[in-house]
Structure formats: structure tokens, C-alpha cells
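What follows is the content of structure03.pdb, which has PDB, C-alpha atoms:
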ATOM      1  CA  MET A   6      11.954 -40.542  68.992
ATOM      2  CA  SER A   7       8.389 -41.316  67.943
ATOM      3  CA  GLY A   8       5.933 -38.568  67.063
ATOM      4  CA  PRO A   9       2.741 -37.832  69.039
ATOM      5  CA  GLY A  10       0.572 -39.419  66.369
ATOM      6  CA  GLU A  11       2.489 -42.680  66.126
ATOM      7  CA  ALA A  12       0.495 -44.509  68.809
ATOM      8  CA  PHE A  13      -2.747 -43.495  67.109
ATOM      9  CA  GLU A  14      -1.428 -44.596  63.725
ATOM     10  CA  ASN A  15      -0.405 -47.947  65.195
ATOM     11  CA  GLY A  16      -3.943 -48.530  66.436
ATOM     12  CA  SER A  17      -3.349 -47.925  70.146
ATOM     13  CA  SER A  18      -6.256 -46.670  72.227
ATOM     14  CA  ASP A  19      -6.449 -43.287  73.975
ATOM     15  CA  SER A  20      -8.698 -44.702  76.695
ATOM     16  CA  HIS A  21      -6.015 -44.039  79.331
ATOM     17  CA  LEU A  22      -6.485 -40.311  78.617
ATOM     18  CA  THR A  23     -10.218 -40.057  77.938
ATOM     19  CA  GLU A  24     -12.666 -38.405  80.344
ATOM     20  CA  ILE A  25     -16.260 -39.665  80.401
ATOM     21  CA  GLN A  26     -19.199 -37.285  80.821
ATOM     22  CA  LEU A  27     -21.501 -38.323  83.677
ATOM     23  CA  ASP A  28     -23.717 -35.243  83.973
ATOM     24  CA  SER A  29     -24.072 -31.815  82.356
ATOM     25  CA  THR A  30     -25.573 -28.573  83.688
ATOM     26  CA  GLU A  31     -26.224 -25.449  81.657
ATOM     27  CA  VAL A  32     -24.583 -22.470  83.390
ATOM     28  CA  LEU A  33     -25.269 -19.663  80.930
ATOM     29  CA  LYS A  34     -27.045 -19.196  77.626
ATOM     30  CA  GLY A  35     -26.332 -15.751  76.198
ATOM     31  CA  SER A  36     -26.770 -14.251  72.772
ATOM     32  CA  PHE A  37     -23.327 -15.553  71.813
ATOM     33  CA  LEU A  38     -21.857 -17.909  74.410
ATOM     34  CA  HIS A  39     -23.332 -21.101  75.861
ATOM     35  CA  ALA A  40     -21.603 -22.368  79.012
ATOM     36  CA  PHE A  41     -21.834 -25.745  80.746
ATOM     37  CA  ARG A  42     -20.501 -27.449  83.871
ATOM     38  CA  ASP A  43     -20.073 -31.199  83.430
ATOM     39  CA  THR A  44     -19.272 -33.934  85.913
ATOM     40  CA  VAL A  45     -16.749 -36.327  84.387
ATOM     41  CA  ARG A  46     -15.056 -39.569  85.316
ATOM     42  CA  LEU A  47     -11.270 -39.396  84.975
ATOM     43  CA  PRO A  48      -9.121 -42.254  83.647
ATOM     44  CA  ASP A  49      -8.258 -43.338  87.216
ATOM     45  CA  GLY A  50     -11.959 -43.617  88.129
ATOM     46  CA  SER A  51     -12.212 -40.449  90.201
ATOM     47  CA  GLN A  52     -14.667 -37.654  89.402
ATOM     48  CA  THR A  53     -14.272 -33.929  88.827
ATOM     49  CA  THR A  54     -16.018 -31.064  87.040
ATOM     50  CA  ARG A  55     -15.228 -29.384  83.737
ATOM     51  CA  GLU A  56     -16.557 -25.934  82.807
ATOM     52  CA  TYR A  57     -16.532 -25.019  79.130
ATOM     53  CA  VAL A  58     -18.125 -22.817  76.503
ATOM     54  CA  ILE A  59     -19.850 -23.984  73.343
ATOM     55  CA  HIS A  60     -18.772 -21.787  70.419
ATOM     56  CA  PRO A  61     -20.222 -21.797  66.879
ATOM     57  CA  GLY A  62     -16.812 -21.652  65.210
ATOM     58  CA  ALA A  63     -15.159 -18.897  63.220
ATOM     59  CA  VAL A  64     -12.908 -18.043  60.309
ATOM     60  CA  MET A  65      -9.786 -15.916  59.890
ATOM     61  CA  VAL A  66      -8.568 -14.470  56.589
ATOM     62  CA  VAL A  67      -4.931 -13.875  55.649
ATOM     63  CA  ALA A  68      -5.571 -11.479  52.766
ATOM     64  CA  GLN A  69      -2.611 -10.616  50.532
ATOM     65  CA  LEU A  70      -2.450  -7.395  48.536
ATOM     66  CA  ALA A  71      -0.766  -7.266  45.127
ATOM     67  CA  ASP A  72       2.403  -5.773  46.651
ATOM     68  CA  GLY A  73       2.672  -8.590  49.205
ATOM     69  CA  ARG A  74       1.380  -6.604  52.160
ATOM     70  CA  LEU A  75      -1.302  -8.120  54.371
ATOM     71  CA  VAL A  76      -4.670  -6.616  55.256
ATOM     72  CA  MET A  77      -4.774  -6.098  59.023
ATOM     73  CA  GLU A  78      -7.093  -4.675  61.663
ATOM     74  CA  ARG A  79      -6.802  -2.900  65.003
ATOM     75  CA  GLN A  80      -9.780  -3.588  67.240
ATOM     76  CA  TYR A  81     -10.616  -2.965  70.893
ATOM     77  CA  ARG A  82     -11.236  -6.227  72.730
ATOM     78  CA  TYR A  83     -13.293  -5.568  75.831
ATOM     79  CA  PRO A  84     -12.241  -8.564  78.003
ATOM     80  CA  LEU A  85      -8.586  -7.472  77.732
ATOM     81  CA  LYS A  86      -9.367  -3.733  77.759
ATOM     82  CA  ALA A  87      -6.871  -3.324  74.923
ATOM     83  CA  VAL A  88      -6.621  -2.659  71.196
ATOM     84  CA  MET A  89      -5.318  -5.759  69.412
ATOM     85  CA  ILE A  90      -3.657  -6.258  66.027
ATOM     86  CA  GLU A  91      -5.469  -9.026  64.147
ATOM     87  CA  PHE A  92      -6.173 -10.600  60.797
ATOM     88  CA  PRO A  93      -9.805 -10.136  59.692
ATOM     89  CA  ALA A  94     -12.005 -12.748  61.335
ATOM     90  CA  GLY A  95     -15.529 -13.518  62.446
ATOM     91  CA  LYS A  96     -17.855 -16.235  63.667
ATOM     92  CA  LEU A  97     -19.945 -18.563  61.549
ATOM     93  CA  ASP A  98     -23.652 -17.891  61.211
ATOM     94  CA  PRO A  99     -25.947 -20.915  61.738
ATOM     95  CA  GLY A 100     -25.674 -23.229  58.732
ATOM     96  CA  GLU A 101     -23.050 -21.038  57.031
ATOM     97  CA  ALA A 102     -20.235 -22.711  55.093
ATOM     98  CA  SER A 103     -16.693 -21.820  56.113
ATOM     99  CA  LEU A 104     -15.676 -20.257  52.781
ATOM    100  CA  ALA A 105     -18.894 -18.260  52.570
ATOM    101  CA  CYS A 106     -18.217 -16.915  56.057
ATOM    102  CA  ALA A 107     -14.645 -15.986  55.129
ATOM    103  CA  GLN A 108     -15.825 -14.145  52.030
ATOM    104  CA  ARG A 109     -18.542 -12.334  53.976
ATOM    105  CA  GLU A 110     -16.295 -11.306  56.855
ATOM    106  CA  LEU A 111     -13.515 -10.046  54.577
ATOM    107  CA  LEU A 112     -15.970  -7.919  52.614
ATOM    108  CA  GLU A 113     -17.830  -6.599  55.659
ATOM    109  CA  GLU A 114     -14.748  -5.719  57.712
ATOM    110  CA  THR A 115     -12.317  -4.577  55.001
ATOM    111  CA  GLY A 116     -14.315  -3.894  51.841
ATOM    112  CA  TYR A 117     -12.169  -6.371  49.905
ATOM    113  CA  ALA A 118     -13.413  -9.248  47.785
ATOM    114  CA  ALA A 119     -10.977 -11.901  46.530
ATOM    115  CA  ARG A 120     -10.811 -13.854  43.291
ATOM    116  CA  GLN A 121      -8.738 -16.678  44.795
ATOM    117  CA  TRP A 122      -9.057 -18.525  48.081
ATOM    118  CA  ALA A 123      -7.200 -21.331  49.839
ATOM    119  CA  ARG A 124      -8.024 -23.062  53.101
ATOM    120  CA  ALA A 125      -4.855 -23.490  55.134
ATOM    121  CA  GLY A 126      -6.133 -25.423  58.137
ATOM    122  CA  VAL A 127      -7.891 -25.112  61.454
ATOM    123  CA  LEU A 128      -6.844 -23.977  64.919
ATOM    124  CA  HIS A 129      -8.366 -24.495  68.360
ATOM    125  CA  PRO A 130      -7.416 -21.350  70.320
ATOM    126  CA  VAL A 131      -8.696 -22.232  73.806
ATOM    127  CA  ILE A 132      -8.817 -26.021  74.102
ATOM    128  CA  SER A 133      -9.022 -25.990  77.895
ATOM    129  CA  TYR A 134     -12.430 -24.318  78.111
ATOM    130  CA  SER A 135     -14.081 -23.901  74.716
ATOM    131  CA  THR A 136     -15.155 -25.876  71.655
ATOM    132  CA  GLU A 137     -14.125 -22.937  69.451
ATOM    133  CA  PHE A 138     -12.390 -23.687  66.168
ATOM    134  CA  ILE A 139     -11.138 -21.177  63.608
ATOM    135  CA  ASP A 140     -10.714 -22.083  59.943
ATOM    136  CA  ILE A 141      -7.697 -20.328  58.417
ATOM    137  CA  TRP A 142      -8.239 -18.962  54.897
ATOM    138  CA  PHE A 143      -5.819 -17.225  52.561
ATOM    139  CA  ALA A 144      -7.151 -14.746  50.002
ATOM    140  CA  ARG A 145      -5.410 -13.048  47.077
ATOM    141  CA  ASP A 146      -6.176 -11.142  43.871
ATOM    142  CA  LEU A 147      -8.128  -8.654  45.950
ATOM    143  CA  ILE A 148     -10.653  -6.105  44.694
ATOM    144  CA  ALA A 149     -11.176  -3.033  46.868
ATOM    145  CA  GLY A 150     -14.709  -1.999  47.757
ATOM    146  CA  GLU A 151     -16.738  -0.514  50.572
ATOM    147  CA  ARG A 152     -16.786  -1.831  54.115
ATOM    148  CA  LYS A 153     -20.074  -2.880  55.697
ATOM    149  CA  LEU A 154     -19.344  -3.044  59.405
ATOM    150  CA  ASP A 155     -21.956  -4.467  61.759
ATOM    151  CA  ALA A 156     -23.760  -2.101  64.105
ATOM    152  CA  GLY A 157     -21.521  -1.494  67.124
ATOM    153  CA  GLU A 158     -18.391  -2.699  65.303
ATOM    154  CA  PHE A 159     -15.430  -0.317  65.262
ATOM    155  CA  LEU A 160     -12.021  -1.152  63.824
ATOM    156  CA  ASP A 161      -9.089   0.455  62.020
ATOM    157  CA  LEU A 162      -7.880  -1.045  58.763
ATOM    158  CA  PHE A 163      -4.210  -0.984  57.715
ATOM    159  CA  SER A 164      -1.651  -3.063  55.834
ATOM    160  CA  ALA A 165       1.692  -4.504  56.905
ATOM    161  CA  THR A 166       4.558  -6.435  55.368
ATOM    162  CA  PRO A 167       5.302 -10.025  56.421
ATOM    163  CA  ASP A 168       8.544  -8.823  58.033
ATOM    164  CA  GLU A 169       6.655  -6.233  60.080
ATOM    165  CA  LEU A 170       4.204  -8.872  61.280
ATOM    166  CA  LEU A 171       7.035 -11.204  62.290
ATOM    167  CA  ALA A 172       8.736  -8.399  64.209
ATOM    168  CA  TRP A 173       5.488  -7.529  66.020
ATOM    169  CA  CYS A 174       5.017 -11.181  66.970
ATOM    170  CA  CYS A 175       8.573 -11.268  68.305
ATOM    171  CA  ASP A 176       8.334  -8.098  70.392
ATOM    172  CA  GLY A 177       4.868  -8.798  71.808
ATOM    173  CA  GLN A 178       2.837  -6.257  69.857
ATOM    174  CA  ILE A 179       0.858  -9.172  68.407
ATOM    175  CA  THR A 180      -0.403 -11.580  71.071
ATOM    176  CA  ASP A 181      -3.718 -12.679  69.538
ATOM    177  CA  ALA A 182      -3.522 -16.467  69.186
ATOM    178  CA  LYS A 183      -5.229 -16.742  65.816
ATOM    179  CA  THR A 184      -3.069 -14.008  64.314
ATOM    180  CA  LEU A 185       0.099 -15.641  65.640
ATOM    181  CA  THR A 186      -1.006 -18.878  63.969
ATOM    182  CA  GLY A 187      -1.813 -16.985  60.775
ATOM    183  CA  VAL A 188       1.685 -15.495  60.736
ATOM    184  CA  LEU A 189       3.158 -18.987  61.227
ATOM    185  CA  TRP A 190       1.239 -20.168  58.169
ATOM    186  CA  LEU A 191       2.213 -17.072  56.199
ATOM    187  CA  GLN A 192       5.906 -17.507  56.992
ATOM    188  CA  ASN A 193       5.901 -21.125  55.855
ATOM    189  CA  VAL A 194       3.821 -20.480  52.739
ATOM    190  CA  LEU A 195       6.112 -17.643  51.647
ATOM    191  CA  SER A 196       9.189 -19.840  52.180
ATOM    192  CA  GLN A 197       7.416 -22.599  50.188
ATOM    193  CA  LYS A 198       7.780 -25.079  53.033
ATOM    194  CA  TRP A 199       3.976 -25.348  53.190
ATOM    195  CA  THR A 200       1.696 -25.307  50.152
ATOM    196  CA  LEU A 201      -1.842 -24.085  49.574
ATOM    197  CA  ASP A 202      -4.520 -25.422  47.214
ATOM    198  CA  TRP A 203      -5.911 -22.272  45.613
ATOM    199  CA  GLN A 204      -9.404 -22.119  44.135
ATOM    200  CA  SER A 205     -11.002 -19.449  42.019
ATOM    201  CA  SER A 206     -14.053 -17.622  43.287
ATOM    202  CA  ALA A 207     -16.302 -15.040  41.680
ATOM    203  CA  ALA A 208     -15.400 -11.790  43.426
TER     204      ALA A 208
END

This entry written out as C-alpha cells:
Amino acid sequence: MSGPGEAFENGSSDSHLTEIQLDSTEVLKGSFLHAFRDTVRLPDGSQTTREYVIHPGAVMVVAQLADGRLVMERQYRYPLKAVMIEFPAGKLDPGEASLACAQRELLEETGYAARQWARAGVLHPVISYSTEFIDIWFARDLIAGERKLDAGEFLDLFSATPDELLAWCCDGQITDAKTLTGVLWLQNVLSQKWTLDWQSSAA
């Protein structure tokens, strides 16, 4: 059975899947989100609308303590009216590099700086209605410091073992998409099925 990328690798076109933008209307421009409603032409020639949100992008940090435990957060997420278990994360500031954002967010939310960093990959958590991407960073050789939470930001900090995280993913205590993806990466890195390219950074 061929893989999903084989047609692309063989030079085949995706034109039979592509939707063409015909018109675009701004629906909302808030302090964070920017929403649009576009009219598009479908591959069969018919037209429909697509509503989506422009997002500046974000980072998530899988930060490993010396004993192998991971730095985690519990944070209330208003749209779900629930406290969620998550890896540290945050959105990119305008013009900010991904690594710089990861370093800033880890320090602000947890108080930790890291001497070594590795970019694992990228995830697109809500491909049906947002341009959001999240760069996945691993951090190790941590140095504890003081948190610098943003005004109006409230979260609990704790640590957990990889086995605890896997169990919480299995039983539904962790449902946050980025954290689930982070645990997938962590599991495969620890088993040495996936590798990371570590780089030193002044902490």
C-alpha cells in the first residue's frame, strides 16, 4: 500500500483537492483573533463558504527535569469552562523567532531556563478552521528561577513522570491536542525511535 505522500513525491498534482478563493470578508478583528469568511470554488466547480481564524502561531515546551519528570501546568481554559493539564506554551509575538518565544514562555510561566534546546516539529491543532501552528520544543538541563506570569494569567505548576502522562492521556485526564502530541513525541524520543538535534543555549 502506498503512503499518503507518494503521489506528491511522484510529481502528481493536488488540483483535484484544491479550493480556490474567490472572495474574502473580514468577520472579526479582536485583540487576539482575526476571523474571515471566504467564498471558494470547489474542485467540482461549485461554490461554498469557509470561515476560519488567522492565528499568529505558538510554541509548546516539553521541559525535562534532571530526574526525568516533566514540567507541567494546570490552567483554566474559559471556552471549555475547565482546568486543563498542559505543557507550557504560548503564542508568538510579532516578529519573534520560535526558539526565542519558547525560551520566553518557559521562563515566564515556570521560572525555568534551559541550557539545551531541540525543535521536535510542528503541529496544526485545528486545521478545519484556523491557520494556527505550534512549534514543539524540548528543553533540558533546566535552571530554576522565578516565574513572571502575565497580568491576568493564573496557572498551577507541577511535575509528572512520562508514565503518569501516558496514563492520563489514556484515561482522558489529558485531552489538550498539543499536549497529546507532545506526549507522543516524548514517548518516541525516550524509546529512541525518534531523535532530536540538541543545541546549546545560554541560560

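For the pair CA of Thr54 (chain A) and CA of Asp19 (chain A), the separation is 20.3 Å.
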
Between region 87-188 of chain A and region 73-78 of chain A, at 8 Å or less, what are the per-residue closest atom pairs and their distances in Å? Count all atoms listed in the file, order by chain and rising residue number, and return it as a tab-separated table.
residue	atom	partner	partner_atom	distance
A:Ile90	CA	A:Glu78	CA	5.8
A:Glu91	CA	A:Glu78	CA	5.3
A:Phe92	CA	A:Met77	CA	5.0
A:Pro93	CA	A:Glu78	CA	6.4
A:Thr115	CA	A:Val76	CA	7.9
A:Leu160	CA	A:Glu78	CA	6.4
A:Asp161	CA	A:Glu78	CA	5.5
A:Leu162	CA	A:Glu78	CA	4.7
A:Phe163	CA	A:Met77	CA	5.3
A:Ser164	CA	A:Val76	CA	4.7
A:Ala165	CA	A:Arg74	CA	5.2
A:Thr166	CA	A:Arg74	CA	4.5
A:Pro167	CA	A:Arg74	CA	6.7

Next, write the just-selected residues to a file, as a short mmCIF file (atom, residue, chain, number, x, y, z; two decimals), in the coordinates of the input, keeping C-alpha atoms as the atom set.
data_model
loop_
_atom_site.label_atom_id
_atom_site.label_comp_id
_atom_site.auth_asym_id
_atom_site.auth_seq_id
_atom_site.Cartn_x
_atom_site.Cartn_y
_atom_site.Cartn_z
CA ILE A 90 -3.66 -6.26 66.03
CA GLU A 91 -5.47 -9.03 64.15
CA PHE A 92 -6.17 -10.60 60.80
CA PRO A 93 -9.80 -10.14 59.69
CA THR A 115 -12.32 -4.58 55.00
CA LEU A 160 -12.02 -1.15 63.82
CA ASP A 161 -9.09 0.46 62.02
CA LEU A 162 -7.88 -1.04 58.76
CA PHE A 163 -4.21 -0.98 57.72
CA SER A 164 -1.65 -3.06 55.83
CA ALA A 165 1.69 -4.50 56.90
CA THR A 166 4.56 -6.44 55.37
CA PRO A 167 5.30 -10.02 56.42
#

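Interatomic distance, CA of Ala71 (chain A) to CA of Asp146 (chain A): 6.8 Å.
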
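Residues within 8 Å of region 178-181 of chain A, counting only C-alpha atoms and excluding same-chain residues fewer than 4 positions away, are Met89, Ile90, Glu91, Leu170, Trp173, Cys174 and Leu185 of chain A.
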
For Ala125 (chain A): contacts at 10 Å, all atoms listed in the file, fewer than 6 positions along chain excluded, given as an mmCIF file with C-alpha atoms, keeping the file's coordinate frame:
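Contents of part-v6.cif, as written:
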data_model
loop_
_atom_site.group_PDB
_atom_site.id
_atom_site.type_symbol
_atom_site.label_atom_id
_atom_site.label_comp_id
_atom_site.auth_asym_id
_atom_site.auth_seq_id
_atom_site.Cartn_x
_atom_site.Cartn_y
_atom_site.Cartn_z
ATOM 1 C CA VAL A 66 -8.568 -14.470 56.589
ATOM 2 C CA VAL A 67 -4.931 -13.875 55.649
ATOM 3 C CA ASP A 140 -10.714 -22.083 59.943
ATOM 4 C CA ILE A 141 -7.697 -20.328 58.417
ATOM 5 C CA TRP A 142 -8.239 -18.962 54.897
ATOM 6 C CA PHE A 143 -5.819 -17.225 52.561
ATOM 7 C CA GLY A 187 -1.813 -16.985 60.775
ATOM 8 C CA TRP A 190 1.239 -20.168 58.169
ATOM 9 C CA LEU A 191 2.213 -17.072 56.199
ATOM 10 C CA VAL A 194 3.821 -20.480 52.739
ATOM 11 C CA TRP A 199 3.976 -25.348 53.190
ATOM 12 C CA THR A 200 1.696 -25.307 50.152
ATOM 13 C CA LEU A 201 -1.842 -24.085 49.574
ATOM 14 C CA ASP A 202 -4.520 -25.422 47.214
ATOM 15 C CA TRP A 203 -5.911 -22.272 45.613
#

Would you compute, for all listed atoms of region 154-168 of chain A, the axis-aligned bounding box grown by 4 Å on each side, and then report its centre and edge lengths in Å rounded to one decimal, as lines of an AutoDock Vina configuration file?
center_x = -7.6
center_y = -4.8
center_z = 61.2
size_x = 40.3
size_y = 18.5
size_z = 19.8

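The protein and nucleic acid residues lying at most 12 Å from Val58 (chain A) are Thr30, Glu31, Val32, Leu33, Lys34, Gly35, Phe37, Leu38, His39, Ala40, Phe41, Arg42, Asp43, Arg55, Glu56, His60, Pro61, Gly62, Val131, Ile132, Ser133, Tyr134, Ser135, Thr136, Glu137 and Phe138 of chain A, with only C-alpha atoms considered and sequence neighbours fewer than 2 positions away removed.
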
Exercise. Grab the CA of Cys106 (chain A) to CA of Asp155 (chain A) distance for me, in Å with one decimal place.
Key: 14.2 Å

Self-check item: Surrounding residues of region 108-110 of chain A excluding itself and chain neighbours under 2 positions, 12 Å, only C-alpha atoms, as number ranges by chain
Solution: A: 63-68, 92-98, 101-106, 112-124, 142-145, 147, 152-155, 206-208
